[in-house]
Amino acid sequence: MDLTICVPRGALFDESLEALKAAGLPIDPLLNLGRKLIVKCPDGPTYITTRPTDVPVYVESGAADLGIVGRDVLLERQPDVYELLDLGFGACRMVWATMAGDDPAPAAIDRFGVVRVASKYVNVAEAWFESTGRKAEIVKVNGSVELAPLVGLADGIVDLVATGKTLRENGLVEREQIFDSSARLIANRVSHKLEAAAVDDLVRRFAEHAR
């Protein structure tokens with residue numbers, strides 16, 4: 001197999017390995033990566049490992065034929081790739097959250113005409129508020145986004161949550177759910193055509209074991 005597959009490091013890594021193994025792909029070279037970023041399996045695929053947000057970049061550019069990435073990344077980045085399959089793991093949700101008590105958004109809009117939103121997901125946040133007819137000023141933060149409303153930087157946050165524990169520990173509550181997210185299998189558009197048989201076979205094998 002000559003396919004190159006981009007695997008996300010971080011929260012989705014272990015479950016990605018389980019999915020690859022269930023689909024009949026060798027994963028031994030991925031078990032002890034250390035600082036290696038790329039490994040070639042004898043008679044198998046080449047694996048690229050990178051941060052989740054970069055997976056669509058490598059797939060869109062053709063550096064990888066396939067990739068595993070969260071739906072949240074796809075909706076934020078809007079890459080020109082094929083989304084082939086919901087792999088069924090990494091379940092979480094994108095939400096609008098604020099401090100507990102009265103929702104500050106209506107008061108902020110009445111007073112200032114705009115609600116201030118902190119998020120790593122700038123495009124998602126902007127699109128959501130626009131779709132609901134509310135004007136939002138988006139403040140991009142890359143670290144602990146929950147901090148923003150605690151110190152008055154923003155009225156609330158748009159962020160990805162799984163259990164909601166971090167929100168609760170910081171006195172925040174979910175106000176609106178924007179979308180559900182899970183891991184997706186994506187393909188480069190050219191690879192999807194040139195390697196159609198191999199890609200379709202892999203999709204079938206992944207689908208048989210998707211949760």
# chains A, B, ... in the order shown; residues from 1 in each chain; ligands from 1
call {"tool": "select_by_dssp", "arguments": {"residues": "stretch 41-185 of chain A", "states": "strand (DSSP E or B)", "output": "ChimeraX atom specification"}}
result
/A:46-50,66-70,82-86,92-99,115-119,136-140,156-161,172-181,183-185
call {"tool": "write_last_selection", "arguments": {"atoms": "N, CA and C atoms", "output": "short mmCIF file (atom, residue, chain, number, x, y, z; two decimals), in the first residue's frame"}}
result
data_model
loop_
_atom_site.label_atom_id
_atom_site.label_comp_id
_atom_site.auth_asym_id
_atom_site.auth_seq_id
_atom_site.Cartn_x
_atom_site.Cartn_y
_atom_site.Cartn_z
N THR A 46 2.47 4.81 4.71
CA THR A 46 3.35 5.75 5.40
C THR A 46 2.47 6.60 6.30
N TYR A 47 2.92 6.78 7.54
CA TYR A 47 2.16 7.60 8.48
C TYR A 47 2.88 8.92 8.74
N ILE A 48 2.13 10.00 8.68
CA ILE A 48 2.60 11.31 9.13
C ILE A 48 1.86 11.62 10.42
N THR A 49 2.57 12.09 11.43
CA THR A 49 1.89 12.49 12.66
C THR A 49 2.12 13.98 12.89
N THR A 50 1.05 14.66 13.26
CA THR A 50 1.14 16.11 13.44
C THR A 50 0.04 16.58 14.38
N LEU A 66 -4.75 10.55 3.01
CA LEU A 66 -5.87 10.46 3.94
C LEU A 66 -5.48 11.08 5.27
N GLY A 67 -6.46 11.40 6.07
CA GLY A 67 -6.17 11.94 7.39
C GLY A 67 -7.32 11.68 8.34
N ILE A 68 -7.02 11.72 9.62
CA ILE A 68 -8.03 11.62 10.67
C ILE A 68 -8.05 12.94 11.42
N VAL A 69 -9.24 13.55 11.53
CA VAL A 69 -9.32 14.88 12.12
C VAL A 69 -10.70 15.10 12.70
N GLY A 70 -10.79 15.94 13.72
CA GLY A 70 -12.08 16.26 14.31
C GLY A 70 -12.92 17.14 13.41
N TYR A 82 -12.17 15.85 0.76
CA TYR A 82 -13.36 15.02 0.87
C TYR A 82 -13.49 14.51 2.30
N GLU A 83 -14.68 14.66 2.87
CA GLU A 83 -14.97 14.04 4.16
C GLU A 83 -15.64 12.70 3.86
N LEU A 84 -14.94 11.61 4.19
CA LEU A 84 -15.38 10.29 3.75
C LEU A 84 -16.24 9.55 4.76
N LEU A 85 -15.94 9.73 6.06
CA LEU A 85 -16.59 8.87 7.05
C LEU A 85 -16.51 9.46 8.44
N ASP A 86 -17.60 9.34 9.18
CA ASP A 86 -17.60 9.64 10.61
C ASP A 86 -17.08 8.39 11.32
N CYS A 92 -17.55 15.07 21.10
CA CYS A 92 -17.58 16.28 21.92
C CYS A 92 -18.54 17.26 21.25
N ARG A 93 -18.65 18.46 21.78
CA ARG A 93 -19.59 19.42 21.23
C ARG A 93 -19.02 20.82 21.32
N MET A 94 -19.37 21.64 20.35
CA MET A 94 -18.99 23.05 20.36
C MET A 94 -20.12 23.82 21.00
N VAL A 95 -19.77 24.67 21.98
CA VAL A 95 -20.82 25.37 22.72
C VAL A 95 -20.48 26.85 22.91
N TRP A 96 -21.54 27.61 23.18
CA TRP A 96 -21.43 28.98 23.67
C TRP A 96 -21.65 28.89 25.16
N ALA A 97 -20.68 29.37 25.96
CA ALA A 97 -20.76 29.28 27.41
C ALA A 97 -20.42 30.62 28.04
N THR A 98 -21.04 30.88 29.19
CA THR A 98 -20.79 32.12 29.92
C THR A 98 -20.72 31.82 31.40
N MET A 99 -20.48 32.83 32.19
CA MET A 99 -20.53 32.67 33.63
C MET A 99 -21.96 32.28 34.03
N VAL A 115 -21.81 41.47 21.29
CA VAL A 115 -21.38 40.60 22.39
C VAL A 115 -19.93 40.21 22.14
N ARG A 116 -19.14 40.22 23.19
CA ARG A 116 -17.71 39.93 23.05
C ARG A 116 -17.46 38.46 23.36
N VAL A 117 -16.84 37.76 22.41
CA VAL A 117 -16.70 36.31 22.47
C VAL A 117 -15.23 35.94 22.36
N ALA A 118 -14.74 35.15 23.30
CA ALA A 118 -13.38 34.63 23.24
C ALA A 118 -13.40 33.21 22.70
N SER A 119 -12.49 32.90 21.80
CA SER A 119 -12.49 31.55 21.21
C SER A 119 -11.20 31.28 20.46
N ALA A 136 -21.17 39.94 16.90
CA ALA A 136 -20.18 39.50 17.87
C ALA A 136 -18.80 40.04 17.53
N GLU A 137 -18.07 40.42 18.56
CA GLU A 137 -16.66 40.78 18.43
C GLU A 137 -15.87 39.58 18.95
N ILE A 138 -15.10 38.97 18.06
CA ILE A 138 -14.39 37.75 18.42
C ILE A 138 -12.97 38.08 18.87
N VAL A 139 -12.62 37.61 20.05
CA VAL A 139 -11.27 37.77 20.59
C VAL A 139 -10.59 36.41 20.50
N LYS A 140 -9.54 36.31 19.68
CA LYS A 140 -8.86 35.03 19.53
C LYS A 140 -7.92 34.79 20.70
N GLY A 156 -18.36 35.77 27.05
CA GLY A 156 -18.45 34.32 27.08
C GLY A 156 -17.49 33.72 26.09
N ILE A 157 -17.57 32.40 25.94
CA ILE A 157 -16.62 31.70 25.08
C ILE A 157 -17.34 30.75 24.13
N VAL A 158 -16.73 30.51 23.01
CA VAL A 158 -17.13 29.41 22.13
C VAL A 158 -15.97 28.43 22.16
N ASP A 159 -16.28 27.20 22.60
CA ASP A 159 -15.20 26.23 22.76
C ASP A 159 -15.74 24.81 22.65
N LEU A 160 -14.81 23.89 22.48
CA LEU A 160 -15.13 22.47 22.38
C LEU A 160 -15.12 21.87 23.78
N VAL A 161 -16.16 21.12 24.12
CA VAL A 161 -16.22 20.47 25.42
C VAL A 161 -16.62 19.01 25.24
N LEU A 172 -18.56 28.29 34.80
CA LEU A 172 -19.20 28.57 33.52
C LEU A 172 -20.31 27.57 33.23
N VAL A 173 -21.28 27.99 32.44
CA VAL A 173 -22.37 27.10 32.05
C VAL A 173 -22.58 27.17 30.55
N GLU A 174 -23.04 26.07 29.98
CA GLU A 174 -23.35 26.04 28.55
C GLU A 174 -24.66 26.76 28.30
N ARG A 175 -24.66 27.66 27.34
CA ARG A 175 -25.88 28.38 26.97
C ARG A 175 -26.49 27.82 25.69
N GLU A 176 -25.65 27.53 24.71
CA GLU A 176 -26.15 27.06 23.41
C GLU A 176 -25.17 26.03 22.86
N GLN A 177 -25.72 24.98 22.28
CA GLN A 177 -24.87 24.02 21.58
C GLN A 177 -24.85 24.37 20.11
N ILE A 178 -23.65 24.45 19.57
CA ILE A 178 -23.48 24.89 18.18
C ILE A 178 -23.45 23.70 17.22
N PHE A 179 -22.66 22.67 17.54
CA PHE A 179 -22.67 21.43 16.76
C PHE A 179 -21.99 20.33 17.54
N ASP A 180 -22.27 19.09 17.12
CA ASP A 180 -21.57 17.92 17.66
C ASP A 180 -20.33 17.67 16.81
N SER A 181 -19.31 17.11 17.44
CA SER A 181 -18.08 16.82 16.72
C SER A 181 -17.59 15.42 17.04
N ALA A 183 -14.41 12.34 15.29
CA ALA A 183 -13.31 12.17 14.35
C ALA A 183 -13.83 11.78 12.97
N ARG A 184 -13.24 12.36 11.95
CA ARG A 184 -13.64 12.09 10.57
C ARG A 184 -12.44 11.61 9.75
N LEU A 185 -12.72 10.76 8.78
CA LEU A 185 -11.72 10.34 7.81
C LEU A 185 -11.85 11.24 6.60
#
call {"tool": "select_by_dssp", "arguments": {"residues": "stretch 8-195 of chain A", "states": "alpha helix (DSSP H)", "output": "PyMOL selection string"}}
result
chain A and resi 13-22+28-31+55-61+71-77+104-112+122-131+147-150+165-169+189-194
call {"tool": "residues_around", "arguments": {"residues": "A:Arg51", "least_positions_apart": "5", "cutoff": "8 Å", "atoms": "only C-alpha atoms", "output": "PyMOL selection string"}}
result
chain A and resi 8-10
call {"tool": "atom_distance", "arguments": {"atom1": "atom CA of A:Leu3", "atom2": "atom CA of A:Val59"}}
result
11.5 Å
call {"tool": "residues_around", "arguments": {"residues": "A:Arg205", "least_positions_apart": "4", "cutoff": "8 Å", "atoms": "only C-alpha atoms", "output": "list in words"}}
result
Ala22, Ala23, Gly24, Asp201 and His209 of chain A
call {"tool": "write_last_selection", "arguments": {"atoms": "C-alpha atoms", "output": "short mmCIF file (atom, residue, chain, number, x, y, z; two decimals), in the first residue's frame"}}
result
data_model
loop_
_atom_site.label_atom_id
_atom_site.label_comp_id
_atom_site.auth_asym_id
_atom_site.auth_seq_id
_atom_site.Cartn_x
_atom_site.Cartn_y
_atom_site.Cartn_z
CA ALA A 22 -9.45 -2.46 13.44
CA ALA A 23 -9.29 -1.60 9.73
CA GLY A 24 -6.44 -4.07 9.35
CA ASP A 201 -11.46 -0.38 0.33
CA HIS A 209 -15.66 -0.97 12.76
#
call {"tool": "closest_residue", "arguments": {"among": "A:Val124, A:Ala63, A:Glu146, A:Leu75", "to": "A:Gly164", "atoms": "only C-alpha atoms"}}
result
A:Glu146
call {"tool": "atom_distance", "arguments": {"atom1": "atom CA of A:Pro149", "atom2": "atom CA of A:Ala127"}}
result
20.4 Å
call {"tool": "atom_distance", "arguments": {"atom1": "atom CA of A:Gly113", "atom2": "atom CA of A:Asn142"}}
result
25.8 Å
call {"tool": "decode", "arguments": {"residues": "stretch 45-140 of chain A", "atoms": "C-alpha atoms", "output": "compact mmCIF listing (two decimals), in the first residue's frame"}}
result
# COMPACT_ATOMS: atom_id res chain seq x y z
CA PRO A 45 1.10 2.87 4.50
CA THR A 46 3.35 5.75 5.40
CA TYR A 47 2.16 7.60 8.48
CA ILE A 48 2.60 11.31 9.13
CA THR A 49 1.89 12.49 12.66
CA THR A 50 1.14 16.11 13.44
CA ARG A 51 -1.00 18.40 15.56
CA PRO A 52 -4.72 17.97 14.84
CA THR A 53 -5.17 21.43 13.34
CA ASP A 54 -2.51 20.70 10.73
CA VAL A 55 -4.00 17.42 9.48
CA PRO A 56 -6.25 19.11 6.86
CA VAL A 57 -3.27 21.17 5.64
CA TYR A 58 -1.27 18.06 4.80
CA VAL A 59 -4.24 16.29 3.22
CA GLU A 60 -5.40 19.29 1.19
CA SER A 61 -1.89 19.89 -0.14
CA GLY A 62 -1.41 16.26 -1.16
CA ALA A 63 1.38 15.59 1.32
CA ALA A 64 -0.99 12.96 2.73
CA ASP A 65 -3.66 10.99 0.90
CA LEU A 66 -5.87 10.46 3.94
CA GLY A 67 -6.17 11.94 7.39
CA ILE A 68 -8.03 11.62 10.67
CA VAL A 69 -9.32 14.88 12.12
CA GLY A 70 -12.08 16.26 14.31
CA ARG A 71 -15.14 17.80 12.71
CA ASP A 72 -14.43 20.93 14.74
CA VAL A 73 -11.19 21.46 12.82
CA LEU A 74 -12.92 20.90 9.49
CA LEU A 75 -15.63 23.46 10.26
CA GLU A 76 -13.09 26.00 11.47
CA ARG A 77 -10.57 25.56 8.65
CA GLN A 78 -12.96 24.70 5.76
CA PRO A 79 -10.28 22.77 3.83
CA ASP A 80 -10.84 21.62 0.25
CA VAL A 81 -10.90 17.90 1.03
CA TYR A 82 -13.36 15.02 0.87
CA GLU A 83 -14.97 14.04 4.16
CA LEU A 84 -15.38 10.29 3.75
CA LEU A 85 -16.59 8.87 7.05
CA ASP A 86 -17.60 9.64 10.61
CA LEU A 87 -15.29 7.35 12.58
CA GLY A 88 -17.48 7.60 15.67
CA PHE A 89 -14.89 8.41 18.31
CA GLY A 90 -13.67 11.62 19.91
CA ALA A 91 -17.24 12.73 20.59
CA CYS A 92 -17.58 16.28 21.92
CA ARG A 93 -19.59 19.42 21.23
CA MET A 94 -18.99 23.05 20.36
CA VAL A 95 -20.82 25.37 22.72
CA TRP A 96 -21.43 28.98 23.67
CA ALA A 97 -20.76 29.28 27.41
CA THR A 98 -20.79 32.12 29.92
CA MET A 99 -20.53 32.67 33.63
CA ALA A 100 -23.38 31.12 35.63
CA GLY A 101 -26.36 33.35 36.36
CA ASP A 102 -28.09 35.56 33.83
CA ASP A 103 -26.88 35.18 30.26
CA PRO A 104 -24.81 38.35 29.61
CA ALA A 105 -25.31 38.27 25.84
CA PRO A 106 -28.72 39.99 25.64
CA ALA A 107 -27.64 42.78 28.00
CA ALA A 108 -24.37 43.29 26.09
CA ILE A 109 -26.21 43.52 22.78
CA ASP A 110 -28.82 45.91 24.20
CA ARG A 111 -26.17 48.15 25.70
CA PHE A 112 -23.31 47.99 23.20
CA GLY A 113 -24.89 46.40 20.12
CA VAL A 114 -22.34 43.57 20.24
CA VAL A 115 -21.38 40.60 22.39
CA ARG A 116 -17.71 39.93 23.05
CA VAL A 117 -16.70 36.31 22.47
CA ALA A 118 -13.38 34.63 23.24
CA SER A 119 -12.49 31.55 21.21
CA LYS A 120 -9.81 29.53 19.47
CA TYR A 121 -12.47 28.89 16.83
CA VAL A 122 -12.77 32.35 15.34
CA ASN A 123 -14.56 31.36 12.13
CA VAL A 124 -16.98 29.01 13.86
CA ALA A 125 -17.85 31.61 16.50
CA GLU A 126 -18.33 34.39 13.97
CA ALA A 127 -20.51 32.24 11.72
CA TRP A 128 -22.67 31.05 14.62
CA PHE A 129 -23.47 34.49 15.95
CA GLU A 130 -24.06 35.83 12.46
CA SER A 131 -26.47 32.95 11.75
CA THR A 132 -28.45 33.82 14.88
CA GLY A 133 -28.66 37.50 14.00
CA ARG A 134 -26.33 38.73 16.72
CA LYS A 135 -23.27 40.88 16.18
CA ALA A 136 -20.18 39.50 17.87
CA GLU A 137 -16.66 40.78 18.43
CA ILE A 138 -14.39 37.75 18.42
CA VAL A 139 -11.27 37.77 20.59
CA LYS A 140 -8.86 35.03 19.53
